[in-house]
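Novice: Below you'll find the structure I mean.
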Amino acid sequence: MNNVNSDGILTIKNLSKSFGGIKAVNDLSFSITEGHIHAVIGPNGAGKSTVFNLITGVFMPDNGEVRFKNRNITSMRTDHVAKAGISRTFQNIRLFPEMTVFETVLMGTYLITGGKVFPALFLTKNFRNNEKAAKERVEEILHFVGLWDMRDEYAAKLSYGNQRRVEIARALAMNPQLLLLDEPTAGMNPQETKELMDLFSLVNKQGITILIIAHDMNLVNVLSDQITVINFGEKLAEGPPKMIHNHPAVIEAYMGRAEANA
Amino acid sequence: MKKMKELGYSKMGLIIGGIVLFFLPFLITNPYFIYVVNLILIYIILTLGLDLLVGYTGQVSLGHAGLFGIGAYSTALFSTKLDYSFWVTLPLATIITTMIGFVVGFIGLKLVEEYLVMATLAFGTILWLVFLNWSDLTGGPMGVSAIPAPPTIRIGSILEYGFNKYIDYYPLFVAFVLLSIFVTRLIIRSGFGRACTAIRDDELAAQAMGIPVFKTKVVMFTISSAYCGVAGALYAHFLHVVSPETFAFAMSVTILTMVMIGGQGSIIGAILGATLLTVTSEALRSTPELRMMIYGLLIILVMMFFPRGIMGLMHLFKEKFIKNKTVNTVVNSEVKKEGLRYE
């Protein structure tokens, strides 16, 4: 059952988490190969976001293990997980209300500038170099995601699709090795969805592994190398998109039993 | 380009206004006026310090009067009991206040929001009780008196500058205010300052960017205490006497009111808030009970109608009268939303 490939960049083993009496994630195991776009799909309430929160240390798992690049990161604090090289976006976009696009993305460079106080007070050479490097990095990323022309706009004022871009840019500013995207195209129109998908494959081509949550199968079919389907916190199926498409358990979860038989 | 020019003018106006304001007190001979100006300068330092915590990091403290008191009392004791000079007691007081601030922050910031407010309030009250009751050290309700003025500055025979009249303190205090403003700017523009703003706006998002939330809050609380230490030392040497009632709960409320009325998260706001409230409080000197009622009413009105204080109002005006669409439409809609929440 749990024949998990432990060479993956991120490996989850027998992960469980209950809230009250409800098992949000139940004995879940899967592994992500470095360089892949890996999708976790499932109906609403299947426990997908909980998996993200368990990986990033927002919740503590009741059981199980999370390994990132062969390092045990189970129950690690959220900021330490980020430092280890995992960066994420949120299902409900979380931007800072009073910042411009540039400032928002600059926030993501904390791990570059380090956030030390004394160098800032004495304007040491190291501090100035770091600040300069951070700003250059932001410029580079804003060009990359196509937001450079909007750098001085308030992030919260942009269209929904562009707000998501800002969030992704902020996540990229951290120089992550693994990017977690939680329902990045929820609420987007088809045009925005397509543009974001193009952006994701571009990010992936830069060598960043992506773990993406979605409940839209068509989206992940095009994009992902590997799909894990979960329902009620348990793994239903795993494999490349083609295989998942025809998997009876998946069809049942999505369409219901009656239609599956019909 | 046009924007740059506008910015240039407003900056130039600020500098010219600042120079005029700086020389104004020298022309006025009324010592009471100078006394109030010096008090304002001390309050500006306190307000800048608290604003770093409240406005830029989103952590409210009602214990800063206690830290201000630590700064004042340590200066007072070092200079009266050990005869240390002002130039020694000032850094000593700052270091002591900073260390105590660190301990308070380390314990208090394990709590969030209203619990943090309660913890800092309790801490401030404890310190006040210590000032009041540890008579052997602090002089009890009488406080410490006969705190000497800073020693006369002598550079050979060219310059001799003594601290005799109120006006003599004025340039010294201006220098410390400028230093505080400079340090504040350095902090808020650094990666550390940005991390604090991120924590204020969204702790979870901040954490996800690798920001250690607790540590960052404690460091900011400690920095904020340093401002209280400096202000306390200046206060003690200026008035030559410290007594416990100055550092009671009402002082914490006063500083917080200054931050809120001026506009959280703004250096100019802190200066405006400190000035406005010091003048108000001096005007209401004869009726101190009325003063606290007016402060309470002011806080309620500010939170209801313009939660970003005077600076927030100025942004609104800018938007209405200078039809610059790119300025802060979002901020104001956000402000309105916040206003509703407080209602």
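Residue numbering restarts at 1 for every chain of the structure tokens, chains are lettered A, B, ... in their displayed order, and ligands are numbered from 1 as they appear.
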Hey, which bits of chain B sit within 9 Å of chain A, and for each residue what's the closest pair of atoms and how far apart in Å (one decimal), counting only C-alpha atoms, rows by chain and increasing number, as a tab-separated table?

Specialist:
residue	atom	partner	partner_atom	distance
B:Val183	CA	A:Leu121	CA	6.7
B:Leu186	CA	A:Leu121	CA	6.0
B:Ile187	CA	A:Ala120	CA	6.6
B:Arg189	CA	A:Ala120	CA	8.6
B:Ser190	CA	A:Ala120	CA	6.0
B:Gly191	CA	A:Gly115	CA	4.7
B:Phe192	CA	A:Gly115	CA	4.0
B:Gly193	CA	A:Gly115	CA	7.7
B:Arg194	CA	A:Met107	CA	6.2
B:Ala195	CA	A:Met107	CA	6.8
B:Thr197	CA	A:Phe96	CA	8.8
B:Ala198	CA	A:Phe96	CA	7.1
B:Asp201	CA	A:Phe96	CA	5.7
B:Asp202	CA	A:Phe96	CA	6.9
B:Leu204	CA	A:Val58	CA	8.3
B:Ala205	CA	A:Arg94	CA	6.6
B:Ala206	CA	A:Asp79	CA	8.2
B:Gln207	CA	A:Asp79	CA	4.8
B:Ala208	CA	A:Asp79	CA	5.7
B:Met209	CA	A:Gly108	CA	5.7
B:Gly210	CA	A:Asp79	CA	3.9
B:Ile211	CA	A:Asp79	CA	5.5
B:Pro212	CA	A:Asp79	CA	5.7
B:Val213	CA	A:Asp79	CA	8.1
B:Thr216	CA	A:Gly115	CA	8.5
B:Val219	CA	A:Val117	CA	8.4
B:Thr326	CA	A:Glu153	CA	7.4
B:Asn328	CA	A:Tyr154	CA	7.7
B:Thr329	CA	A:Lys157	CA	8.4
B:Val330	CA	A:Lys157	CA	6.2
B:Val331	CA	A:Glu98	CA	5.8
B:Glu334	CA	A:Pro97	CA	7.3

Novice: Smallest atom-to-atom distance to B:Tyr227: which of B:Ser286, B:Gln264, B:Thr47, B:Asn164, using only C-alpha atoms?

Specialist: B:Thr47

Novice: Mind checking which residues fall within 10 Å of A:Leu211, counting only C-alpha atoms, ignoring those fewer than 4 positions away in the same chain, and posting them as number ranges by chain?

Specialist: A: 10, 32, 36-40, 52, 88, 178-182, 224, 226-227

Novice: As a VMD selection string, please: all residues of stretch 37-240 of chain A that backbone DSSP puts in strand (DSSP E).

Specialist: chain A and resid 37 to 41 63 to 68 71 to 72 86 to 88 178 to 182 209 to 214 226 to 231 234 to 239

Novice: Excluding B:Tyr161 and residues on its chain fewer than 6 positions from it, collect all residues at most 9 Å away from it, counting only C-alpha atoms, and give them as a PyMOL selection string.

Specialist: chain B and resi 151-155+168

Novice: Would you save the residues from that selection as a PDB file, in the first residue's frame, using N, CA and C atoms?

Specialist:
ATOM      1  N   PRO B 151      26.214  68.406  32.723  1.00  0.00           N
ATOM      2  CA  PRO B 151      27.367  69.277  32.977  1.00  0.00           C
ATOM      3  C   PRO B 151      27.599  70.254  31.824  1.00  0.00           C
ATOM      4  N   THR B 152      28.198  71.359  32.152  1.00  0.00           N
ATOM      5  CA  THR B 152      28.505  72.378  31.149  1.00  0.00           C
ATOM      6  C   THR B 152      29.474  71.821  30.108  1.00  0.00           C
ATOM      7  N   ILE B 153      29.126  72.072  28.847  1.00  0.00           N
ATOM      8  CA  ILE B 153      29.994  71.591  27.778  1.00  0.00           C
ATOM      9  C   ILE B 153      31.060  72.649  27.520  1.00  0.00           C
ATOM     10  N   ARG B 154      32.336  72.226  27.590  1.00  0.00           N
ATOM     11  CA  ARG B 154      33.432  73.177  27.345  1.00  0.00           C
ATOM     12  C   ARG B 154      34.338  72.611  26.267  1.00  0.00           C
ATOM     13  N   ILE B 155      34.560  73.432  25.239  1.00  0.00           N
ATOM     14  CA  ILE B 155      35.564  73.048  24.257  1.00  0.00           C
ATOM     15  C   ILE B 155      36.625  74.131  24.306  1.00  0.00           C
ATOM     16  N   ASP B 168      18.216  76.254  27.192  1.00  0.00           N
ATOM     17  CA  ASP B 168      19.510  75.585  27.018  1.00  0.00           C
ATOM     18  C   ASP B 168      19.336  74.098  26.688  1.00  0.00           C
TER      19      ASP B 168
END

Novice: Would you list the contacts of B:Gly124 as a list in words, taking every protein, DNA or RNA residue within 7 Å and counting only C-alpha atoms, but skipping same-chain residues closer than 6 positions in sequence?

Specialist: Gly63, His64, Ala65, Gly66 and Phe249 of chain B

Novice: Please identify all polymer residues within 10 Å of A:Leu199, counting only C-alpha atoms, omitting same-chain residues fewer than 6 positions from it, and present them as JSON, numbers by chain.

Specialist: {"A": [144, 145, 146, 165, 168, 193, 205]}

Novice: Residues at most 6 Å from A:Val25, counting only C-alpha atoms, excluding those fewer than 6 positions away in the same chain, as a CSV table (one decimal) with N, CA and C atoms, in the first residue's frame?

Specialist:
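As a result, selection_20.csv now contains:
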chain,number,residue,atom,x,y,z
A,16,SER,N,-1.3,11.7,9.4
A,16,SER,CA,-2.7,11.7,9.9
A,16,SER,C,-2.9,13.0,10.7
A,17,LYS,N,-4.2,13.5,10.6
A,17,LYS,CA,-4.5,14.6,11.4
A,17,LYS,C,-6.1,14.6,11.6
A,47,GLY,N,-9.4,17.3,2.3
A,47,GLY,CA,-8.3,17.4,3.1
A,47,GLY,C,-7.0,17.9,2.4
A,233,GLY,N,-9.5,12.5,3.1
A,233,GLY,CA,-8.2,12.4,3.7
A,233,GLY,C,-7.4,11.2,3.4

Novice: Tell me, in Å to one decimal, how far atom CA of A:Ile213 is from atom CA of A:Phe102.

Specialist: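 One can read the atom CA of A:Ile213 to atom CA of A:Phe102 distance as 26.7 Å.
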
Novice: Apply DSSP to the structure's backbone, then extract all residues of stretch 16-262 of chain A labelled helix (DSSP H, G or I) and return them as a ChimeraX atom specification.

Specialist: /A:48-55,78-84,101-107,110-113,118-121,125-145,148-150,155-157,160-172,190-205,217-223,241-245,248-255,257-261

Novice: Can you work out which one of B:Lys320, B:Arg185, B:Arg308, B:Lys110 has the shortest atom-to-atom distance to B:Gly262, counting only C-alpha atoms?

Specialist: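 Looking at the shortest contact to B:Gly262, the residue is B:Arg308.
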
Novice: So how far away is atom CA of A:Ala249 from atom CA of A:Asn231, in Å?

Specialist: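 One can read the atom CA of A:Asn231 to atom CA of A:Ala249 distance as 10.0 Å.
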
Novice: Report the distance between atom CA of B:Phe78 and atom CA of B:Thr222 in Å, rounded to one decimal place.

Specialist: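 Atom-to-atom, atom CA of B:Phe78 to atom CA of B:Thr222, that is 21.9 Å.
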